[in-house]
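*Asks:* Next comes data-v8.txt, compact mmCIF, C-alpha atoms:
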# COMPACT_ATOMS: atom_id res chain seq x y z
CA MET H 825 8.97 6.35 6.77
CA VAL H 826 6.48 6.35 9.62
CA ASP H 827 2.87 7.00 8.68
CA ARG H 828 0.95 8.64 11.55
CA TRP H 829 -2.80 8.91 12.06
CA ARG H 830 -5.39 8.99 14.85
CA ILE H 831 -7.80 6.30 15.94
CA THR H 832 -10.48 5.66 18.56
CA ILE H 833 -11.12 2.46 20.49
CA PRO H 834 -14.81 2.76 21.44
CA GLU H 835 -14.74 -0.48 23.43
CA LEU H 836 -12.11 0.98 25.76
CA THR H 837 -12.09 4.78 25.69
CA GLY H 838 -15.11 5.87 23.66
CA SER H 839 -14.42 8.81 21.33
CA GLU H 840 -11.04 9.68 22.81
CA GLU H 841 -8.38 9.62 20.08
CA ARG H 842 -4.93 8.11 20.33
CA GLY H 843 -2.00 7.87 17.94
CA VAL H 844 -1.19 5.15 15.43
CA TYR H 845 2.34 4.73 14.07
CA VAL H 846 2.95 2.60 10.97
CA TYR H 847 6.50 2.01 9.79
CA LEU H 848 6.87 1.34 6.05
CA PRO H 849 10.15 0.17 4.49
CA GLU H 850 11.69 2.34 1.79
CA SER H 851 10.80 -0.30 -0.80
CA TYR H 852 7.11 0.26 -0.08
CA GLN H 853 7.26 3.46 -2.13
CA TYR H 854 8.90 2.10 -5.27
CA ASP H 855 7.76 -1.54 -5.41
CA PRO H 856 3.94 -1.35 -5.59
CA GLY H 857 3.58 -5.09 -6.12
CA LYS H 858 5.38 -6.09 -2.94
CA ARG H 859 3.53 -7.20 0.20
CA TYR H 860 4.96 -7.32 3.73
CA PRO H 861 4.75 -9.16 7.04
CA VAL H 862 3.41 -7.07 9.92
CA LEU H 863 4.71 -6.68 13.46
CA TYR H 864 2.13 -5.26 15.86
CA MET H 865 3.59 -3.44 18.86
CA PHE H 866 2.23 -2.02 22.12
CA ASP H 867 3.05 1.44 23.54
CA GLY H 868 3.32 2.88 20.05
CA HIS H 869 4.35 6.33 21.28
CA ASN H 870 7.56 4.78 22.67
CA VAL H 871 8.58 2.88 19.55
CA PHE H 872 9.87 5.44 17.02
CA PHE H 873 10.32 9.00 18.31
CA ASP H 874 12.03 10.38 21.42
CA SER H 875 9.75 13.42 21.20
CA ASP H 876 6.68 11.25 21.79
CA ALA H 877 8.17 8.78 24.29
CA THR H 878 6.92 8.88 27.87
CA TYR H 879 10.40 9.31 29.34
CA GLY H 880 12.02 11.07 26.39
CA LYS H 881 13.73 7.95 25.00
CA CYS H 882 12.16 5.66 22.39
CA TRP H 883 13.16 2.18 21.20
CA GLY H 884 14.83 3.54 18.06
CA MET H 885 12.96 1.08 15.85
CA LYS H 886 12.93 3.37 12.82
CA GLU H 887 16.71 3.75 12.82
CA TYR H 888 17.19 0.01 13.18
CA MET H 889 14.71 -0.82 10.42
CA ASP H 890 16.20 1.74 8.03
CA TYR H 891 19.78 0.65 8.74
CA THR H 892 19.06 -3.07 8.30
CA ASN H 893 16.58 -2.59 5.45
CA THR H 894 14.27 -5.07 7.14
CA GLN H 895 11.27 -5.78 4.92
CA LEU H 896 8.53 -5.47 7.50
CA ILE H 897 5.63 -3.19 8.36
CA ILE H 898 5.35 -2.20 12.03
CA ALA H 899 1.94 -1.10 13.31
CA ALA H 900 1.97 0.38 16.82
CA VAL H 901 -0.83 2.00 18.82
CA GLU H 902 -0.41 4.51 21.62
CA CYS H 903 -1.39 3.25 25.07
CA ASN H 904 -4.06 4.64 27.38
CA HIS H 905 -2.52 7.46 29.42
CA SER H 906 -5.41 7.81 31.90
CA PRO H 907 -4.10 8.51 35.43
CA ASP H 908 -6.66 5.97 36.63
CA HIS H 909 -4.20 3.21 35.69
CA GLY H 910 -5.56 3.13 32.14
CA ARG H 911 -2.50 1.43 30.72
CA LEU H 912 -2.43 -1.29 33.36
CA LYS H 913 -6.10 -2.05 32.79
CA GLU H 914 -5.82 -2.25 29.01
CA TYR H 915 -2.59 -4.22 29.07
CA SER H 916 -3.53 -6.89 31.60
CA PRO H 917 -5.53 -9.97 30.54
CA TYR H 918 -6.20 -10.71 34.22
CA ASN H 919 -7.41 -8.93 37.34
CA PHE H 920 -4.62 -8.43 39.85
CA PHE H 921 -3.71 -6.65 43.07
CA GLU H 922 -0.58 -4.59 43.63
CA ALA H 923 0.13 -3.14 47.04
CA ASN H 924 1.06 0.35 45.79
CA ILE H 925 -1.89 0.79 43.45
CA GLY H 926 -4.64 -1.54 44.68
CA ARG H 927 -6.86 -3.79 42.57
CA ILE H 928 -6.70 -3.60 38.78
CA GLU H 929 -9.56 -4.89 36.65
CA GLY H 930 -7.78 -6.27 33.60
CA ARG H 931 -9.29 -5.47 30.20
CA GLY H 932 -6.59 -7.13 28.14
CA LYS H 933 -9.06 -9.44 26.43
CA VAL H 934 -11.05 -6.43 25.21
CA THR H 935 -7.82 -4.85 23.98
CA MET H 936 -6.80 -7.97 22.06
CA GLU H 937 -10.27 -8.45 20.58
CA TRP H 938 -10.05 -4.91 19.21
CA MET H 939 -6.47 -5.25 18.02
CA THR H 940 -7.11 -8.58 16.32
CA LYS H 941 -10.63 -8.15 14.95
CA THR H 942 -10.67 -4.40 14.20
CA PHE H 943 -7.20 -2.85 14.05
CA LYS H 944 -5.58 -5.70 12.11
CA LYS H 945 -8.39 -5.52 9.54
CA GLU H 946 -7.79 -1.79 9.16
CA ILE H 947 -4.04 -2.27 8.68
CA ASP H 948 -4.64 -5.04 6.13
CA LYS H 949 -7.05 -2.74 4.26
CA ARG H 950 -4.84 0.35 4.26
CA TYR H 951 -1.48 -1.27 3.50
CA ARG H 952 -0.02 -4.03 1.35
CA THR H 953 0.33 -6.66 4.04
CA LEU H 954 0.75 -10.41 4.10
CA PRO H 955 -2.26 -10.92 6.40
CA ASP H 956 -1.90 -14.63 7.10
CA ARG H 957 -0.82 -16.03 10.47
CA GLU H 958 2.69 -16.97 9.31
CA HIS H 959 3.46 -13.32 8.54
CA THR H 960 1.75 -11.71 11.55
CA PHE H 961 3.89 -11.02 14.67
CA ILE H 962 3.38 -9.14 17.95
CA ALA H 963 5.77 -7.54 20.43
CA GLY H 964 5.97 -5.35 23.50
CA SER H 965 7.76 -4.65 26.76
CA SER H 966 6.71 -4.69 30.40
CA MET H 967 2.88 -4.85 30.40
CA GLY H 968 3.07 -4.87 26.60
CA GLY H 969 5.33 -7.90 26.92
CA LEU H 970 2.70 -9.62 29.04
CA MET H 971 0.10 -8.82 26.39
CA SER H 972 2.35 -10.18 23.64
CA LEU H 973 2.60 -13.51 25.45
CA TYR H 974 -1.16 -13.56 26.02
CA ALA H 975 -1.79 -12.73 22.36
CA VAL H 976 0.41 -15.45 20.88
CA LEU H 977 -1.11 -18.02 23.25
CA ASN H 978 -4.78 -17.04 23.24
CA TYR H 979 -4.96 -15.70 19.66
CA ASN H 980 -2.60 -18.23 18.16
CA THR H 981 -4.56 -18.60 14.93
CA TYR H 982 -3.70 -14.94 14.18
CA TYR H 983 -0.16 -14.51 15.56
CA SER H 984 2.63 -16.99 14.89
CA ARG H 985 5.52 -15.20 16.62
CA ALA H 986 5.93 -12.92 19.60
CA ALA H 987 8.62 -10.92 21.38
CA ALA H 988 8.14 -10.17 25.09
CA LEU H 989 10.81 -7.93 26.61
CA SER H 990 10.80 -7.69 30.41
CA PRO H 991 7.21 -9.02 30.45
CA SER H 992 5.18 -8.29 33.58
CA ILE H 993 4.57 -11.97 34.31
CA TRP H 994 4.33 -11.14 38.03
CA VAL H 995 0.79 -9.87 37.38
CA ALA H 996 -0.64 -13.40 37.11
CA PRO H 997 2.07 -16.06 36.80
CA GLU H 998 -0.20 -19.03 37.57
CA GLN H 999 -2.86 -17.97 35.06
CA LEU H 1000 -0.27 -17.32 32.38
CA GLU H 1001 1.41 -20.68 32.89
CA ARG H 1002 -1.98 -22.39 32.86
CA LEU H 1003 -2.70 -20.70 29.54
CA VAL H 1004 0.52 -22.17 28.15
CA HIS H 1005 -0.55 -25.67 29.18
CA THR H 1006 -4.15 -25.40 27.92
CA SER H 1007 -3.67 -23.50 24.65
CA ARG H 1008 -3.97 -25.35 21.35
CA LEU H 1009 -1.02 -24.04 19.39
CA LEU H 1010 0.19 -24.17 15.84
CA LYS H 1011 3.91 -23.75 15.23
CA THR H 1012 4.84 -20.85 17.50
CA VAL H 1013 8.05 -18.86 17.98
CA VAL H 1014 8.61 -16.71 21.08
CA TYR H 1015 11.43 -14.44 22.19
CA MET H 1016 11.37 -13.59 25.91
CA ASP H 1017 13.96 -11.78 28.00
CA TYR H 1018 14.49 -10.09 31.34
CA GLY H 1019 17.18 -7.69 32.44
CA GLU H 1020 19.73 -8.96 34.93
CA LEU H 1021 19.28 -5.90 37.15
CA GLU H 1022 15.49 -6.28 37.11
CA PHE H 1023 15.87 -9.43 39.22
CA HIS H 1024 17.57 -7.54 42.04
CA ASN H 1025 15.72 -8.47 45.27
CA ARG H 1026 12.99 -10.11 43.19
CA ALA H 1027 13.67 -13.81 43.60
CA ALA H 1028 10.00 -14.65 42.96
CA VAL H 1029 10.10 -13.05 39.51
CA ARG H 1030 13.24 -14.99 38.63
CA ARG H 1031 11.47 -18.23 39.58
CA GLN H 1032 8.39 -17.23 37.60
CA PHE H 1033 10.52 -16.43 34.55
CA ALA H 1034 12.27 -19.80 34.76
CA SER H 1035 9.02 -21.69 35.32
CA LEU H 1036 7.26 -20.00 32.41
CA SER H 1037 10.24 -20.62 30.13
CA SER H 1038 10.19 -24.32 31.05
CA ALA H 1039 6.44 -24.54 30.46
CA MET H 1040 6.76 -23.04 26.98
CA ILE H 1041 9.59 -25.37 26.05
CA GLU H 1042 7.61 -28.37 27.29
CA LYS H 1043 4.65 -27.18 25.22
CA GLY H 1044 6.77 -27.27 22.09
CA ILE H 1045 7.05 -23.51 21.62
CA LEU H 1046 10.27 -22.54 19.86
CA LEU H 1047 11.53 -20.27 22.62
CA SER H 1048 14.52 -17.97 22.73
CA SER H 1049 14.86 -17.02 26.41
CA ARG H 1050 17.55 -14.63 27.67
CA ILE H 1051 18.66 -12.86 30.80
CA VAL H 1052 20.24 -9.66 29.51
CA PRO H 1053 23.58 -8.79 31.18
CA ASP H 1054 23.20 -5.47 33.01
CA GLY H 1055 19.70 -5.16 31.48
CA THR H 1056 17.24 -2.76 33.10
CA HIS H 1057 13.56 -1.88 32.73
CA CYS H 1058 13.69 0.97 30.22
CA GLU H 1059 13.57 1.80 26.52
CA ALA H 1060 17.34 2.34 26.31
CA SER H 1061 17.90 -1.26 27.45
CA TRP H 1062 15.17 -2.67 25.21
CA GLU H 1063 16.63 -0.85 22.21
CA LYS H 1064 19.82 -2.89 22.61
CA GLN H 1065 17.79 -6.11 22.36
CA ILE H 1066 16.26 -5.28 18.96
CA PRO H 1067 18.77 -7.39 16.98
CA PHE H 1068 18.09 -10.36 19.26
CA PHE H 1069 14.31 -10.36 19.10
CA MET H 1070 14.16 -9.39 15.43
CA GLY H 1071 16.52 -12.26 14.66
CA THR H 1072 14.14 -14.61 16.47
CA LEU H 1073 11.04 -13.27 14.73
CA PHE H 1074 12.68 -13.82 11.34
CA SER H 1075 14.44 -17.07 12.18
Could you render the structure as structure tokens?
*Replies:*
Amino acid sequence: MVDRWRITIPELTGSEERGVYVYLPESYQYDPGKRYPVLYMFDGHNVFFDSDATYGKCWGMKEYMDYTNTQLIIAAVECNHSPDHGRLKEYSPYNFFEANIGRIEGRGKVTMEWMTKTFKKEIDKRYRTLPDREHTFIAGSSMGGLMSLYAVLNYNTYYSRAAALSPSIWVAPEQLERLVHTSRLLKTVVYMDYGELEFHNRAAVRRQFASLSSAMIEKGILLSSRIVPDGTHCEASWEKQIPFFMGTLFS
């Protein structure tokens, strides 16, 4: 089942409400003594229901979780839909410039402070979680993938494993790679992929992906890095990668 409720993030959008989606395994209802790992996900409206998804197609996480009987809670928060590039601001740890949209003032650190210090506490209070680092994961795609990498590197005492699908590393590749080199990490597992077709005419992104992968391996991160055959930048493509990244998170 997916438990749905509303939440505010005063640090980012004041009293404006947004949706929270919390997936609970079937066993949660009949085994009251059982506690569960938690996977935190970005773009919560795209995770479970086509009817809520921005482009009418979700990841299909509920169907996968039900079919595989994976014993995991998933907590996902809706993104900022402000036309003033609200999502880009909240999901970037760094300031950046993009020719088509101009300069973006990244508020990703504020987002992660809230997610880690406020939202995680609320999830641990409401549900029977295993709140320790070893059982706390994070995942996302595109800008959410960038945030997942940032989270597992900069908030490593909270998150032990991350999945970053088609991460927007182009936003700040040098800063991100520097973070890899300077972070003090405990044992860390990362899944990172990029779609083959996303690299079309984007040689710089391919180089950045390869360089970041190498940096993480050199750092001692247990990395599963893939280029997805025929992969594209959309939920339908990311849905097909669920078995790969879930296998890594539970390896």
*Asks:* Could you give me, as a PyMOL selection string, the residues that sit within 7 Å of (4.0, -18.1, 12.4) in the file's coordinates, counting only C-alpha atoms?
*Replies:* chain H and resi 957-960+983-985+1011-1013
*Asks:* Between H:Leu954, H:Leu1010, H:Leu1046, H:Leu912, which has the minimum distance to H:Met971 (counting all atoms listed in the file)?
*Replies:*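 The answer is H:Leu912, which sits nearest to H:Met971.
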*Asks:* Could you tell me which of H:Asn870, H:Asn980, H:Gln853, H:Ser1049 comes closest to H:Ala900 if we count only C-alpha atoms?
*Replies:*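 Ranking H:Asn870, H:Asn980, H:Gln853, H:Ser1049 by distance to H:Ala900, first place goes to H:Asn870.
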*Asks:* Measuring between all atoms listed in the file, which one of H:Leu1021, H:Arg950, H:Glu835, H:Lys881 shows the shortest distance to H:Gly932?
*Replies:* H:Glu835
*Asks:* I need the residue nearest H:Thr892 from this list: H:Asp1017, H:Asp908, H:Glu850, H:Asp867. Use all atoms listed in the file for the distance.
*Replies:* H:Glu850
*Asks:* Restricting the calculation to all atoms listed in the file: of H:Asp874, H:Met936, H:Met1070, H:Val1052, which residue gets closest to H:Glu1022?
*Replies:* H:Val1052
